[in-house]
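K.L.:
Please read through the structure below; I'll follow up with questions.
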Amino acid sequence: MKTAINTDMERLKIICLAATNRWRQMSSREQWLTTIALVTLFIWLLWQGIVTPFSERKMLAEKNLATSRAQLSLVQQQAEQILSLRAAGATERSVSNTPMDQLVHQLAGKHRLIIQRVENREELLDIDLANVRFDHLMGWLRTLEQQYQINVRSLQLESTDTSGVVEIRRLQLERG
């Protein structure tokens, strides 16, 4: 190990001596031009290594800030809209007269769900679905609740080997 370090140190000394000898052989004009070139190279390396990355990070932070401000503005507008609707007494949603099982079947097709079985028990539906993407299931349930006042009474999910796909163990819906 010491031998390798000594060898490296000797090589470095030889290189430094060669550079010093070369420097001494240069005319004063060549020395001046070489100094200017080395200073310019050093400044450029500093610029590329320090200033440019900071500038890029600053632009990214400003972009993220603008996005966050836009999202905040949107949320504030929605909050104001919710408050104005509540103040106006807009709490009732329209209820469809279409039978619940028909609505469930119609909307399932639109959300790319496959219903395997539906059991109708008065105001309650027991539903068996094929394995489904989680986002499709949530979109379907959200539509049922928001537009038709059909709520989830019970839901049991289990993950599958496929990412984003769930197995529905139990799903009960009720009109509410």
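Identifiers in the structure tokens: chain A, B, ... in order shown; residue index from 1 per chain; ligand index from 1 in order shown.
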Using the chain letters and numbers from this document, which residues of chain A does DSSP assign to alpha helix (DSSP H), as a PyMOL selection string?

P.N.:
chain A and resi 2-25+28-46+52-87+100-110+134-148

K.L.:
Could you check which of A:Leu137, A:Leu46, A:Ala4, A:Ile127 is closest to Leu171 of chain A, using only C-alpha atoms?

P.N.:
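Among the listed residues, the smallest separation from Leu171 of chain A belongs to A:Ile127.
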
K.L.:
Name the residues in contact with Asp126 of chain A at a cut-off of 12 Å, using only C-alpha atoms, excluding same-chain residues fewer than 4 positions from it; report them as a list in words.

P.N.:
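The neighbour list is Met100, Asp101, Val104, Ile115, Gln116, Arg117, Val118, Glu119, Asn120, Arg121, Glu122, Val152, Arg153, Ser154, Leu155, Ile168, Arg169, Arg170, Leu171, Gln172, Leu173 and Glu174 of chain A.
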
K.L.:
Based on DSSP run over this structure's backbone, return all residues of chain A in strand (DSSP E), as an MDAnalysis selection string.

P.N.:
chainID A and resid 115:121 124:129 132:133 150:159 165:175

K.L.:
Based on the selection just made, write N, CA and C atoms of those residues as a compact mmCIF listing (two decimals), in the first residue's frame.

P.N.:
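Written out: selection30.txt:
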# COMPACT_ATOMS: atom_id res chain seq x y z
N ILE A 115 -70.31 -7.12 -13.15
CA ILE A 115 -71.11 -7.61 -12.03
C ILE A 115 -71.40 -9.09 -12.27
N GLN A 116 -71.06 -9.91 -11.29
CA GLN A 116 -71.29 -11.35 -11.42
C GLN A 116 -72.62 -11.76 -10.81
N ARG A 117 -73.03 -11.07 -9.75
CA ARG A 117 -74.29 -11.43 -9.09
C ARG A 117 -74.81 -10.22 -8.32
N VAL A 118 -76.14 -10.05 -8.35
CA VAL A 118 -76.81 -9.02 -7.55
C VAL A 118 -77.96 -9.70 -6.83
N GLU A 119 -77.99 -9.51 -5.52
CA GLU A 119 -79.11 -10.03 -4.73
C GLU A 119 -79.82 -8.85 -4.09
N ASN A 120 -81.09 -8.69 -4.43
CA ASN A 120 -81.87 -7.56 -3.97
C ASN A 120 -82.63 -7.95 -2.71
N ARG A 121 -82.36 -7.26 -1.62
CA ARG A 121 -83.08 -7.48 -0.36
C ARG A 121 -83.68 -6.15 0.08
N LEU A 124 -81.62 -2.99 0.10
CA LEU A 124 -80.21 -3.37 0.21
C LEU A 124 -79.85 -4.27 -0.96
N LEU A 125 -78.68 -4.02 -1.54
CA LEU A 125 -78.19 -4.87 -2.63
C LEU A 125 -76.89 -5.53 -2.20
N ASP A 126 -76.81 -6.86 -2.34
CA ASP A 126 -75.55 -7.60 -2.18
C ASP A 126 -75.00 -7.80 -3.58
N ILE A 127 -73.76 -7.39 -3.81
CA ILE A 127 -73.19 -7.42 -5.15
C ILE A 127 -71.87 -8.18 -5.14
N ASP A 128 -71.71 -9.06 -6.14
CA ASP A 128 -70.44 -9.73 -6.38
C ASP A 128 -69.86 -9.18 -7.67
N LEU A 129 -68.63 -8.68 -7.59
CA LEU A 129 -67.95 -8.12 -8.75
C LEU A 129 -66.72 -8.94 -9.08
N VAL A 132 -61.29 -5.93 -10.05
CA VAL A 132 -61.45 -4.63 -10.72
C VAL A 132 -60.32 -3.70 -10.30
N ARG A 133 -60.01 -2.74 -11.18
CA ARG A 133 -59.04 -1.70 -10.80
C ARG A 133 -59.65 -0.84 -9.70
N ILE A 150 -76.94 6.45 -3.48
CA ILE A 150 -76.76 5.03 -3.17
C ILE A 150 -75.42 4.92 -2.46
N ASN A 151 -75.48 4.52 -1.20
CA ASN A 151 -74.30 4.52 -0.35
C ASN A 151 -73.79 3.11 -0.09
N VAL A 152 -72.53 3.02 0.25
CA VAL A 152 -71.92 1.75 0.62
C VAL A 152 -72.26 1.47 2.07
N ARG A 153 -72.88 0.35 2.30
CA ARG A 153 -73.17 -0.06 3.68
C ARG A 153 -72.02 -0.91 4.21
N SER A 154 -71.48 -1.77 3.34
CA SER A 154 -70.40 -2.65 3.74
C SER A 154 -69.52 -2.93 2.54
N LEU A 155 -68.19 -2.89 2.76
CA LEU A 155 -67.25 -3.16 1.68
C LEU A 155 -66.02 -3.83 2.25
N GLN A 156 -65.68 -4.99 1.69
CA GLN A 156 -64.46 -5.70 2.09
C GLN A 156 -63.65 -5.96 0.84
N LEU A 157 -62.43 -5.45 0.84
CA LEU A 157 -61.53 -5.58 -0.31
C LEU A 157 -60.31 -6.39 0.08
N GLU A 158 -59.68 -6.97 -0.94
CA GLU A 158 -58.42 -7.66 -0.73
C GLU A 158 -57.55 -7.39 -1.95
N SER A 159 -56.27 -7.19 -1.70
CA SER A 159 -55.37 -6.92 -2.82
C SER A 159 -55.14 -8.20 -3.62
N VAL A 165 -55.23 -3.59 -8.74
CA VAL A 165 -56.44 -4.38 -8.90
C VAL A 165 -56.80 -4.99 -7.55
N VAL A 166 -58.11 -4.94 -7.21
CA VAL A 166 -58.57 -5.47 -5.93
C VAL A 166 -59.63 -6.55 -6.17
N GLU A 167 -59.76 -7.41 -5.18
CA GLU A 167 -60.81 -8.42 -5.17
C GLU A 167 -61.85 -7.96 -4.16
N ILE A 168 -63.11 -7.92 -4.57
CA ILE A 168 -64.18 -7.47 -3.68
C ILE A 168 -64.74 -8.70 -2.99
N ARG A 169 -64.53 -8.78 -1.68
CA ARG A 169 -65.04 -9.91 -0.89
C ARG A 169 -66.52 -9.72 -0.59
N ARG A 170 -66.89 -8.47 -0.28
CA ARG A 170 -68.27 -8.19 0.09
C ARG A 170 -68.59 -6.74 -0.24
N LEU A 171 -69.75 -6.53 -0.86
CA LEU A 171 -70.19 -5.19 -1.17
C LEU A 171 -71.70 -5.13 -0.99
N GLN A 172 -72.13 -4.24 -0.10
CA GLN A 172 -73.56 -4.01 0.12
C GLN A 172 -73.82 -2.54 -0.10
N LEU A 173 -74.85 -2.27 -0.91
CA LEU A 173 -75.26 -0.90 -1.19
C LEU A 173 -76.67 -0.67 -0.68
N GLU A 174 -76.93 0.54 -0.26
CA GLU A 174 -78.28 0.90 0.19
C GLU A 174 -78.59 2.30 -0.30
N ARG A 175 -79.86 2.55 -0.50
CA ARG A 175 -80.29 3.88 -0.91
C ARG A 175 -80.42 4.70 0.37
